[in-house]
$ cat target-v4.txt   # compact mmCIF, C-alpha atoms and all ligand atoms
# COMPACT_ATOMS: atom_id res chain seq x y z
CA MET Q 19 105.17 84.89 172.18
CA ALA Q 20 105.38 87.66 169.56
CA GLN Q 21 102.45 88.59 167.31
CA PRO Q 22 102.58 86.79 163.92
CA ILE Q 23 104.27 88.60 161.06
CA LYS Q 24 103.07 88.37 157.46
CA VAL Q 25 105.62 87.02 155.01
CA VAL Q 26 105.01 86.82 151.29
CA VAL Q 27 106.82 84.42 148.98
CA THR Q 28 106.28 85.06 145.28
CA GLY Q 29 106.79 82.20 142.85
CA ALA Q 30 105.39 80.11 145.68
CA ALA Q 31 104.60 77.11 143.47
CA GLY Q 32 108.17 76.99 142.11
CA GLN Q 33 111.19 74.96 143.09
CA ILE Q 34 113.05 77.51 145.27
CA ALA Q 35 109.89 78.33 147.21
CA TYR Q 36 109.32 74.63 147.85
CA SER Q 37 112.45 74.59 150.07
CA LEU Q 38 112.31 78.21 151.26
CA ILE Q 39 108.82 77.92 152.76
CA TYR Q 40 110.09 75.21 155.13
CA HIS Q 41 112.96 77.42 156.39
CA ILE Q 42 110.52 80.27 157.08
CA ALA Q 43 107.88 78.03 158.67
CA HIS Q 44 110.45 76.26 160.85
CA GLY Q 45 111.76 79.50 162.41
CA ASP Q 46 115.18 79.46 160.72
CA VAL Q 47 114.74 82.96 159.29
CA PHE Q 48 112.71 85.17 161.65
CA GLY Q 49 113.54 83.29 164.84
CA ALA Q 50 112.34 80.27 166.76
CA ASP Q 51 109.77 82.40 168.69
CA GLN Q 52 108.36 84.36 165.76
CA PRO Q 53 105.02 83.06 164.41
CA VAL Q 54 104.32 83.68 160.73
CA ILE Q 55 101.37 84.00 158.38
CA LEU Q 56 102.51 82.82 154.97
CA HIS Q 57 101.24 84.65 151.89
CA LEU Q 58 101.93 82.49 148.85
CA LEU Q 59 101.70 84.33 145.54
CA ASP Q 60 101.90 82.75 142.10
CA ILE Q 61 100.16 83.09 138.74
CA PRO Q 62 96.63 81.73 138.03
CA PRO Q 63 97.74 78.56 136.13
CA MET Q 64 99.78 77.49 139.18
CA MET Q 65 96.92 77.65 141.71
CA GLY Q 66 96.37 73.88 141.55
CA VAL Q 67 100.03 73.18 142.33
CA LEU Q 68 99.92 75.78 145.10
CA GLU Q 69 96.99 73.91 146.66
CA GLY Q 70 99.31 70.92 147.03
CA VAL Q 71 101.99 73.12 148.65
CA VAL Q 72 99.39 74.40 151.13
CA MET Q 73 98.42 70.80 152.00
CA GLU Q 74 102.07 70.00 152.65
CA ILE Q 75 102.49 73.06 154.88
CA GLU Q 76 99.49 71.89 156.92
CA ASP Q 77 101.00 68.42 157.13
CA LEU Q 78 104.32 69.82 158.44
CA ALA Q 79 102.40 70.60 161.64
CA LEU Q 80 104.83 73.38 162.51
CA PRO Q 81 103.75 75.47 165.50
CA LEU Q 82 105.00 78.82 164.15
CA VAL Q 83 102.65 78.74 161.15
CA ARG Q 84 99.53 80.73 162.07
CA GLY Q 85 97.97 81.02 158.64
CA VAL Q 86 98.51 80.31 154.94
CA VAL Q 87 97.09 82.51 152.20
CA PRO Q 88 97.55 81.10 148.67
CA THR Q 89 96.66 83.63 145.98
CA ALA Q 90 97.21 84.94 142.46
CA ASP Q 91 96.00 88.40 143.47
CA VAL Q 92 98.75 90.90 144.37
CA SER Q 93 96.36 92.93 146.53
CA VAL Q 94 95.94 89.86 148.73
CA GLY Q 95 99.51 88.54 148.44
CA PHE Q 96 101.21 91.80 149.41
CA ASN Q 97 98.55 93.00 151.85
CA ASP Q 98 100.18 94.35 155.02
CA VAL Q 99 103.29 92.17 154.66
CA ASP Q 100 106.31 92.65 156.93
CA ALA Q 101 108.75 90.76 154.73
CA ALA Q 102 108.81 89.79 151.06
CA PHE Q 103 110.77 87.12 149.23
CA MET Q 104 110.51 88.02 145.55
CA VAL Q 105 111.30 84.67 143.93
CA GLY Q 106 108.71 84.48 141.14
CA ALA Q 107 110.09 85.19 137.71
CA MET Q 108 110.09 83.74 134.25
CA PRO Q 109 112.84 81.11 134.00
CA ARG Q 110 115.45 81.36 131.26
CA LYS Q 111 114.46 79.08 128.40
CA GLN Q 112 116.78 77.49 125.89
CA GLY Q 113 117.98 79.97 123.27
CA MET Q 114 116.82 82.94 125.34
CA GLU Q 115 119.30 85.80 125.61
CA ARG Q 116 119.95 87.44 129.00
CA LYS Q 117 118.36 90.54 127.39
CA ASP Q 118 115.08 88.72 126.62
CA LEU Q 119 114.94 87.42 130.16
CA LEU Q 120 115.58 90.90 131.48
CA SER Q 121 112.72 92.46 129.55
CA ALA Q 122 110.25 89.76 130.60
CA ASN Q 123 111.24 89.90 134.24
CA VAL Q 124 111.66 93.63 134.84
CA LYS Q 125 108.03 94.07 133.80
CA ILE Q 126 106.99 91.64 136.53
CA PHE Q 127 109.11 93.55 139.07
CA LYS Q 128 107.71 96.90 137.97
CA ASP Q 129 104.16 95.61 138.57
CA GLN Q 130 105.08 94.00 141.87
CA GLY Q 131 106.96 97.12 143.04
CA GLN Q 132 103.77 99.09 142.42
CA ALA Q 133 101.77 96.49 144.32
CA LEU Q 134 104.20 96.54 147.27
CA ASP Q 135 103.92 100.32 147.29
CA LYS Q 136 100.15 100.09 147.48
CA TYR Q 137 99.55 97.15 149.80
CA ALA Q 138 102.64 96.28 151.91
CA LYS Q 139 103.63 97.80 155.25
CA LYS Q 140 105.97 100.78 154.77
CA SER Q 141 108.49 98.97 156.98
CA VAL Q 142 108.55 95.88 154.73
CA LEU Q 143 111.94 94.29 153.98
CA VAL Q 144 112.15 93.02 150.41
CA VAL Q 145 114.66 90.44 149.17
CA VAL Q 146 114.82 89.86 145.42
CA VAL Q 147 115.86 86.39 144.27
CA GLY Q 148 114.34 86.20 140.76
CA ASN Q 149 116.87 86.95 138.03
CA PRO Q 150 118.37 89.29 136.96
CA ALA Q 151 118.14 89.81 140.74
CA ASN Q 152 120.07 93.09 141.15
CA THR Q 153 118.28 94.89 138.33
CA ASN Q 154 114.88 93.46 139.31
CA ALA Q 155 115.50 94.80 142.84
CA TYR Q 156 116.38 98.21 141.40
CA ILE Q 157 113.15 98.32 139.37
CA CYS Q 158 111.04 96.97 142.23
CA ALA Q 159 112.36 99.74 144.52
CA LYS Q 160 111.92 102.41 141.87
CA TYR Q 161 108.24 101.59 141.45
CA ALA Q 162 107.61 101.52 145.22
CA PRO Q 163 108.50 105.13 146.05
CA SER Q 164 106.72 105.17 149.42
CA ILE Q 165 109.02 102.42 150.76
CA PRO Q 166 112.65 103.39 151.48
CA LYS Q 167 115.05 102.22 148.73
CA THR Q 168 117.26 100.81 151.47
CA SER Q 169 114.53 98.29 152.29
CA PHE Q 170 115.17 96.47 149.00
CA SER Q 171 118.08 94.13 148.40
CA ALA Q 172 119.16 91.54 145.88
CA MET Q 173 120.44 88.12 146.83
CA THR Q 174 124.13 87.34 146.36
CA HIS Q 175 124.23 85.19 149.48
CA LEU Q 176 124.17 82.01 147.42
CA ASP Q 177 127.39 83.13 145.75
CA GLN Q 178 128.79 83.96 149.19
CA ASN Q 179 127.87 80.49 150.50
CA ARG Q 180 129.42 78.87 147.43
CA ALA Q 181 132.64 80.84 147.94
CA GLN Q 182 132.72 80.04 151.65
CA ALA Q 183 132.26 76.33 150.95
CA LEU Q 184 135.00 76.28 148.33
CA LEU Q 185 137.50 78.00 150.66
CA ALA Q 186 136.62 75.63 153.52
CA GLN Q 187 137.14 72.66 151.19
CA ARG Q 188 140.51 73.99 150.05
CA LEU Q 189 141.63 74.55 153.67
CA GLY Q 190 140.16 71.29 154.96
CA VAL Q 191 138.12 73.03 157.69
CA PRO Q 192 134.38 72.89 158.47
CA VAL Q 193 132.48 75.50 156.44
CA GLY Q 194 131.13 77.18 159.59
CA GLN Q 195 134.65 78.24 160.55
CA VAL Q 196 135.06 80.44 157.45
CA SER Q 197 133.60 83.97 157.40
CA ASN Q 198 133.84 87.38 155.73
CA VAL Q 199 134.07 86.20 152.12
CA ILE Q 200 132.79 89.02 149.90
CA ILE Q 201 130.75 89.04 146.71
CA TRP Q 202 131.09 92.34 144.85
CA GLY Q 203 128.74 93.52 142.11
CA ASN Q 204 126.12 91.70 140.09
CA HIS Q 205 124.65 88.24 140.64
CA SER Q 206 125.92 87.15 137.23
CA PRO Q 207 129.12 85.61 135.92
CA THR Q 208 130.77 89.07 136.20
CA MET Q 209 130.51 89.10 140.02
CA LEU Q 210 133.73 89.18 141.99
CA PRO Q 211 134.08 86.59 144.76
CA ASP Q 212 136.81 88.00 147.01
CA ALA Q 213 138.65 86.03 149.70
CA SER Q 214 141.04 88.88 150.65
CA HIS Q 215 139.30 89.58 153.96
CA ALA Q 216 138.08 86.07 154.69
CA GLN Q 217 138.93 84.53 158.04
CA VAL Q 218 139.09 81.07 159.60
CA HIS Q 219 137.99 80.75 163.21
CA THR Q 220 140.32 78.30 164.97
CA ASP Q 221 141.03 77.37 168.60
CA SER Q 222 144.09 79.59 168.40
CA GLY Q 223 142.09 82.61 167.12
CA LEU Q 224 141.29 84.18 163.78
CA LEU Q 225 143.53 83.37 160.83
CA SER Q 226 143.62 85.04 157.42
CA VAL Q 227 142.35 82.84 154.57
CA PRO Q 228 144.59 84.32 151.84
CA LYS Q 229 147.65 83.90 154.08
CA LEU Q 230 146.75 80.28 154.81
CA ILE Q 231 146.10 79.52 151.13
CA ASN Q 232 149.18 81.48 150.10
CA ASN Q 233 148.48 81.01 146.40
CA ASP Q 234 147.20 84.05 144.45
CA THR Q 235 147.16 82.07 141.21
CA TRP Q 236 144.64 79.64 142.69
CA LEU Q 237 142.62 82.47 144.24
CA HIS Q 238 142.48 84.46 141.00
CA ASN Q 239 142.33 81.75 138.35
CA GLU Q 240 140.42 78.96 140.04
CA PHE Q 241 138.47 80.26 143.03
CA VAL Q 242 136.98 83.24 141.16
CA PRO Q 243 135.74 81.43 138.01
CA ARG Q 244 134.52 78.40 139.95
CA VAL Q 245 132.24 80.59 142.09
CA GLN Q 246 131.20 82.70 139.08
CA ASN Q 247 130.19 79.60 137.12
CA ARG Q 248 128.83 77.41 139.90
CA GLY Q 249 125.20 78.10 138.95
CA ALA Q 250 125.85 76.88 135.40
CA ALA Q 251 127.63 73.78 136.75
CA VAL Q 252 124.57 72.90 138.87
CA ILE Q 253 122.26 73.38 135.86
CA ALA Q 254 124.50 71.17 133.70
CA ALA Q 255 124.37 68.38 136.30
CA ARG Q 256 120.80 68.68 137.58
CA LYS Q 257 119.16 69.99 134.39
CA MET Q 258 117.47 72.51 136.66
CA SER Q 259 118.80 75.57 138.42
CA SER Q 260 119.95 75.60 142.06
CA ALA Q 261 116.95 75.43 144.33
CA MET Q 262 117.74 73.88 147.72
CA SER Q 263 120.89 76.02 148.07
CA ALA Q 264 119.16 79.13 146.69
CA ALA Q 265 116.36 78.72 149.23
CA LYS Q 266 118.84 78.32 152.10
CA ALA Q 267 120.69 81.44 150.91
CA ALA Q 268 117.47 83.46 150.68
CA GLY Q 269 116.77 82.50 154.28
CA ASP Q 270 120.34 83.40 155.31
CA HIS Q 271 120.01 86.79 153.59
CA MET Q 272 116.69 87.69 155.24
CA ARG Q 273 117.89 86.37 158.63
CA ALA Q 274 120.89 88.72 158.48
CA LEU Q 275 118.57 91.64 157.67
CA TRP Q 276 115.95 90.75 160.27
CA GLN Q 277 118.15 89.59 163.13
CA GLY Q 278 121.42 91.42 162.40
CA THR Q 279 124.98 90.26 161.78
CA PRO Q 280 127.16 88.87 164.58
CA PRO Q 281 129.99 91.13 165.82
CA GLY Q 282 132.99 91.16 163.50
CA LYS Q 283 131.18 89.36 160.70
CA PHE Q 284 129.76 90.76 157.49
CA VAL Q 285 127.41 89.57 154.80
CA SER Q 286 127.16 90.37 151.09
CA LEU Q 287 123.97 92.16 150.09
CA GLY Q 288 122.99 93.66 146.74
CA VAL Q 289 121.99 97.13 147.93
CA ILE Q 290 121.53 100.58 146.47
CA SER Q 291 125.00 101.92 145.74
CA ASP Q 292 126.27 105.23 147.13
CA GLY Q 293 129.41 104.93 145.02
CA SER Q 294 131.46 103.22 147.77
CA TYR Q 295 134.58 101.42 146.56
CA GLY Q 296 134.29 103.11 143.14
CA ALA Q 297 131.07 101.26 142.26
CA PRO Q 298 128.60 103.14 140.04
CA LYS Q 299 126.01 105.05 142.06
CA ASP Q 300 122.31 104.15 142.00
CA VAL Q 301 122.53 100.50 140.98
CA MET Q 302 121.97 97.49 143.24
CA PHE Q 303 125.60 96.50 143.79
CA SER Q 304 126.64 93.70 146.13
CA PHE Q 305 128.82 95.01 148.98
CA PRO Q 306 130.04 93.62 152.30
CA CYS Q 307 127.56 94.88 154.90
CA THR Q 308 126.85 94.72 158.59
CA VAL Q 309 123.27 94.90 159.86
CA LYS Q 310 121.94 96.27 163.15
CA ASP Q 311 118.30 97.03 164.03
CA ARG Q 312 117.28 96.04 160.47
CA VAL Q 313 119.50 98.73 158.96
CA TRP Q 314 122.44 97.67 156.78
CA LYS Q 315 125.67 99.57 156.46
CA ILE Q 316 128.40 99.05 153.89
CA VAL Q 317 131.64 97.99 155.63
CA PRO Q 318 133.95 100.98 155.05
CA ASN Q 319 137.64 101.26 154.22
CA LEU Q 320 138.53 97.69 153.29
CA PRO Q 321 141.71 97.64 151.23
CA VAL Q 322 140.97 96.63 147.61
CA ASP Q 323 143.82 95.55 145.32
CA ASP Q 324 144.19 96.25 141.59
CA PHE Q 325 142.92 92.80 140.61
CA ALA Q 326 139.68 93.42 142.51
CA LYS Q 327 139.34 97.01 141.26
CA ALA Q 328 139.51 95.85 137.63
CA LYS Q 329 136.89 93.12 138.18
CA MET Q 330 134.61 95.50 140.11
CA ALA Q 331 134.70 97.94 137.19
CA ILE Q 332 133.48 95.18 134.83
CA THR Q 333 130.58 94.08 137.02
CA GLY Q 334 129.67 97.73 137.75
CA LYS Q 335 129.54 98.50 134.04
CA GLU Q 336 127.26 95.52 133.45
CA LEU Q 337 124.90 96.72 136.19
CA THR Q 338 124.72 100.20 134.71
CA GLU Q 339 123.95 98.76 131.26
CA GLU Q 340 121.30 96.43 132.70
CA LYS Q 341 119.70 99.30 134.58
CA GLU Q 342 119.49 101.45 131.44
CA GLU Q 343 118.01 98.55 129.48
CA ALA Q 344 115.49 97.86 132.26
CA LEU Q 345 114.44 101.51 132.50
CA SER Q 346 113.83 101.66 128.76
CA VAL Q 347 111.73 98.46 128.92
CA CYS Q 348 109.67 99.96 131.78
CA GLN Q 349 108.97 103.11 129.76
CA ASP Q 350 107.62 101.13 126.77
N1 LIG D 401 119.83 85.19 143.06
C1 LIG D 401 120.18 83.93 143.02
O1 LIG D 401 121.23 83.52 143.55
C2 LIG D 401 119.31 82.89 142.34
C3 LIG D 401 119.64 81.53 142.44
C4 LIG D 401 118.83 80.59 141.83
C5 LIG D 401 117.72 80.98 141.09
N2 LIG D 401 117.44 82.30 141.00
C6 LIG D 401 116.26 82.78 140.25
O2 LIG D 401 115.09 82.57 141.05
C7 LIG D 401 113.94 82.52 140.20
C8 LIG D 401 113.03 81.38 140.60
O3 LIG D 401 113.70 80.15 140.42
P1 LIG D 401 112.92 78.76 140.59
O4 LIG D 401 113.93 77.70 140.34
O5 LIG D 401 112.10 78.73 141.81
O6 LIG D 401 111.95 78.85 139.31
P2 LIG D 401 110.60 78.06 139.01
O7 LIG D 401 110.37 78.23 137.55
O8 LIG D 401 110.61 76.69 139.62
O9 LIG D 401 109.52 78.91 139.83
C9 LIG D 401 109.19 80.21 139.50
C10 LIG D 401 107.76 80.43 139.92
O10 LIG D 401 107.47 81.81 139.72
C11 LIG D 401 106.15 81.88 139.25
N3 LIG D 401 105.90 83.18 138.63
C12 LIG D 401 106.18 83.61 137.38
N4 LIG D 401 105.72 84.86 137.19
C13 LIG D 401 105.16 85.24 138.36
C14 LIG D 401 104.51 86.41 138.78
N5 LIG D 401 104.34 87.45 137.96
N6 LIG D 401 104.04 86.46 140.06
C15 LIG D 401 104.18 85.42 140.89
N7 LIG D 401 104.77 84.26 140.54
C16 LIG D 401 105.26 84.18 139.29
C17 LIG D 401 106.02 80.71 138.30
O11 LIG D 401 104.67 80.38 138.03
C18 LIG D 401 106.76 79.62 139.09
O12 LIG D 401 105.87 78.93 139.96
C19 LIG D 401 114.49 82.46 138.78
O13 LIG D 401 114.47 83.76 138.24
C20 LIG D 401 115.94 82.02 138.98
O14 LIG D 401 116.76 82.45 137.91
C21 LIG D 401 118.20 83.25 141.61

$ encode --input "target-v4.txt" --output "structure tokens"
Amino acid sequence: MAQPIKVVVTGAAGQIAYSLIYHIAHGDVFGADQPVILHLLDIPPMMGVLEGVVMEIEDLALPLVRGVVPTADVSVGFNDVDAAFMVGAMPRKQGMERKDLLSANVKIFKDQGQALDKYAKKSVLVVVVGNPANTNAYICAKYAPSIPKTSFSAMTHLDQNRAQALLAQRLGVPVGQVSNVIIWGNHSPTMLPDASHAQVHTDSGLLSVPKLINNDTWLHNEFVPRVQNRGAAVIAARKMSSAMSAAKAAGDHMRALWQGTPPGKFVSLGVISDGSYGAPKDVMFSFPCTVKDRVWKIVPNLPVDDFAKAKMAITGKELTEEKEEALSVCQD
């Protein structure tokens, strides 16, 4: 069996981590033969809660877990880690503007970027979940200059899963038969869920989702806003933000990075933009990507129609504005 890898989860006493830790410990993310040492990082007031999480991990009796390190100290939490799930962030409180949330959280990601730079392995793969995820990932990477920028990514896989599920429901097929749905841009209501290149795998081969749906009005006016606003719909119903599905998506995202994407399939990752598809350069923009040997590549040359171009410009502009705001907060 392989040597254990060290995996840190920040915000480890929170609700996403509560589900995510199980996926990691069970082998769903790094593979059924990959032992793990779990580093669980949270803030000092949460250490009591974290003790309970540690007890539950012990009681899972899962053979892949070779150690658990609960801590509020970044030098311990990030020490020598191979993979990092950056979940911990201040939650949005009632009456709080997106801007207020951004300033509180980018400071956390500046500090944790510096800590990753100092203590993590240089080969670490970092997935940012805490919101605003794309801009937090940008700041985290910026303050960890000794780790390649391409090792940082922001999670839009939850949006991808939501889009995939909605298309499967509309077509009356199992969700596992739908692939290649794209999320472009920011993990925010400006994102563009795009079914143009989505496929259904059937006994008679691959079929095009937009051709099967054959209804652009539904795709533009119902599919897009329903995916964009799904997070708010979950909060309205549950009175808490998505957690079980966010945890599953974080695992899906890291699994794609760690184990690669299957032939012919792509995955949406918020990664550092090179200006592909007219996106602004140097922001963490979600693109369709393939992954091989832990290196992602933006899928090139997909046709993009005018509807998508207009929406991508809006989400790109938002990312540029968020980045500028975040950089000014970090300089304060
Ligand atoms: N990208 C996505 O698709 C997506 C989806 C859902 C939620 N989220 C975001 O994920 C984040 C976590 O959500 P949750 O529901 O688990 O929240 P939560 O409030 O239940 O847990 C957050 C945890 O982070 C901890 N924390 C705060 N500051 C920290 C720091 N500096 N270091 C370490 N830990 C710290 C808190 O103590 C808490 O235990 C939020 O920002 C949420 O908006 C993102």

$ closest_residue --input "target-v4.txt" --among "Q:Ala133, Q:Val289, Q:Ala172, Q:Met302" --to "ligand LIG 401 (chain D)" --atoms "all atoms listed in the file"
Q:Ala172

$ axis_aligned_box --input "target-v4.txt" --around "ligand LIG 401 (chain D)" --padding-each-side "5 Å" --output "lines of an AutoDock Vina configuration file"
center_x = 112.6
center_y = 82.1
center_z = 140.4
size_x = 27.2
size_y = 20.8
size_z = 16.4

$ closest_residue --input "target-v4.txt" --among "Q:Asn154, Q:Asn232, Q:Thr208, Q:Ser169" --to "Leu275 (chain Q)" --atoms "all atoms listed in the file"
Q:Ser169

$ closest_residue --input "target-v4.txt" --among "Q:Ala274, Q:Val301, Q:Leu237, Q:Cys158" --to "Glu342 (chain Q)" --atoms "all atoms listed in the file"
Q:Val301

$ closest_residue --input "target-v4.txt" --among "Q:Tyr137, Q:Phe127, Q:Trp236, Q:Tyr40" --to "Ile157 (chain Q)" --atoms "all atoms listed in the file"
Q:Phe127

$ residues_near_point --input "target-v4.txt" --point "(98.3, 83.6, 162.2)" --cutoff "9 Å" --atoms "all atoms listed in the file" --output "VMD selection string"
chain Q and resid 21 to 24 53 to 56 82 to 86

$ residues_around --input "target-v4.txt" --residues "Gln217 (chain Q)" --least-positions-apart "4" --cutoff "6 Å" --atoms "all atoms listed in the file" --output "list of chain:residue names"
Q:Val196, Q:Ser197, Q:Leu225, Q:Ser226, Q:Val227

$ write_last_selection --input "target-v4.txt" --atoms "C-alpha atoms" --output "PDB file, keeping the file's coordinate frame"
ATOM      1  CA  VAL Q 196     135.060  80.440 157.450  1.00  0.00           C
ATOM      2  CA  SER Q 197     133.600  83.970 157.400  1.00  0.00           C
ATOM      3  CA  LEU Q 225     143.530  83.370 160.830  1.00  0.00           C
ATOM      4  CA  SER Q 226     143.620  85.040 157.420  1.00  0.00           C
ATOM      5  CA  VAL Q 227     142.350  82.840 154.570  1.00  0.00           C
TER       6      VAL Q 227
END

$ residues_near_ligand --input "target-v4.txt" --ligand "ligand LIG 401 (chain D)" --cutoff "6 Å" --atoms "only C-alpha atoms and all ligand atoms" --output "PDB file with C-alpha atoms, keeping the file's coordinate frame"
ATOM      1  CA  THR Q  28     106.280  85.060 145.280  1.00  0.00           C
ATOM      2  CA  GLY Q  29     106.790  82.200 142.850  1.00  0.00           C
ATOM      3  CA  ALA Q  30     105.390  80.110 145.680  1.00  0.00           C
ATOM      4  CA  ALA Q  31     104.600  77.110 143.470  1.00  0.00           C
ATOM      5  CA  GLY Q  32     108.170  76.990 142.110  1.00  0.00           C
ATOM      6  CA  GLN Q  33     111.190  74.960 143.090  1.00  0.00           C
ATOM      7  CA  ILE Q  34     113.050  77.510 145.270  1.00  0.00           C
ATOM      8  CA  ALA Q  35     109.890  78.330 147.210  1.00  0.00           C
ATOM      9  CA  LEU Q  59     101.700  84.330 145.540  1.00  0.00           C
ATOM     10  CA  ASP Q  60     101.900  82.750 142.100  1.00  0.00           C
ATOM     11  CA  ILE Q  61     100.160  83.090 138.740  1.00  0.00           C
ATOM     12  CA  MET Q  64      99.780  77.490 139.180  1.00  0.00           C
ATOM     13  CA  VAL Q 105     111.300  84.670 143.930  1.00  0.00           C
ATOM     14  CA  GLY Q 106     108.710  84.480 141.140  1.00  0.00           C
ATOM     15  CA  ALA Q 107     110.090  85.190 137.710  1.00  0.00           C
ATOM     16  CA  MET Q 108     110.090  83.740 134.250  1.00  0.00           C
ATOM     17  CA  PRO Q 109     112.840  81.110 134.000  1.00  0.00           C
ATOM     18  CA  ILE Q 126     106.990  91.640 136.530  1.00  0.00           C
ATOM     19  CA  VAL Q 147     115.860  86.390 144.270  1.00  0.00           C
ATOM     20  CA  GLY Q 148     114.340  86.200 140.760  1.00  0.00           C
ATOM     21  CA  ASN Q 149     116.870  86.950 138.030  1.00  0.00           C
ATOM     22  CA  ALA Q 151     118.140  89.810 140.740  1.00  0.00           C
ATOM     23  CA  MET Q 173     120.440  88.120 146.830  1.00  0.00           C
ATOM     24  CA  THR Q 174     124.130  87.340 146.360  1.00  0.00           C
ATOM     25  CA  LEU Q 176     124.170  82.010 147.420  1.00  0.00           C
ATOM     26  CA  SER Q 259     118.800  75.570 138.420  1.00  0.00           C
ATOM     27  CA  SER Q 260     119.950  75.600 142.060  1.00  0.00           C
ATOM     28  CA  ALA Q 261     116.950  75.430 144.330  1.00  0.00           C
ATOM     29  CA  ALA Q 264     119.160  79.130 146.690  1.00  0.00           C
TER      30      ALA Q 264
END

$ residues_around --input "target-v4.txt" --residues "region 241-254 of chain Q" --least-positions-apart "5" --cutoff "6 Å" --atoms "only C-alpha atoms" --output "list of chain:residue names"
Q:Ala181, Q:Pro207, Q:Pro211, Q:Ser259

$ atom_distance --input "target-v4.txt" --atom1 "CA of Gly45 (chain Q)" --atom2 "CA of Phe284 (chain Q)"
21.8 Å

$ atom_distance --input "target-v4.txt" --atom1 "CA of Lys310 (chain Q)" --atom2 "CA of Pro280 (chain Q)"
9.2 Å

$ atom_distance --input "target-v4.txt" --atom1 "CA of Ala267 (chain Q)" --atom2 "CA of Thr308 (chain Q)"
16.5 Å

$ residues_around --input "target-v4.txt" --residues "Glu339 (chain Q)" --least-positions-apart "6" --cutoff "12 Å" --atoms "all atoms listed in the file" --output "ChimeraX atom specification"
/Q:117,120,153,204,298,301,332-333,345-346

$ closest_residue --input "target-v4.txt" --among "Q:Ser263, Q:Gln187, Q:Ser214, Q:Gln277" --to "Ser37 (chain Q)" --atoms "all atoms listed in the file"
Q:Ser263

$ closest_residue --input "target-v4.txt" --among "Q:Trp314, Q:Phe170, Q:Phe303, Q:Tyr36" --to "Gly278 (chain Q)" --atoms "only C-alpha atoms"
Q:Trp314

$ residues_near_point --input "target-v4.txt" --point "(102.3, 89.5, 146.2)" --cutoff "10 Å" --atoms "all atoms listed in the file" --output "PyMOL selection string"
chain Q and resi 25-30+57-60+88-97+99+102-104+106+129-131+133-134+137-138
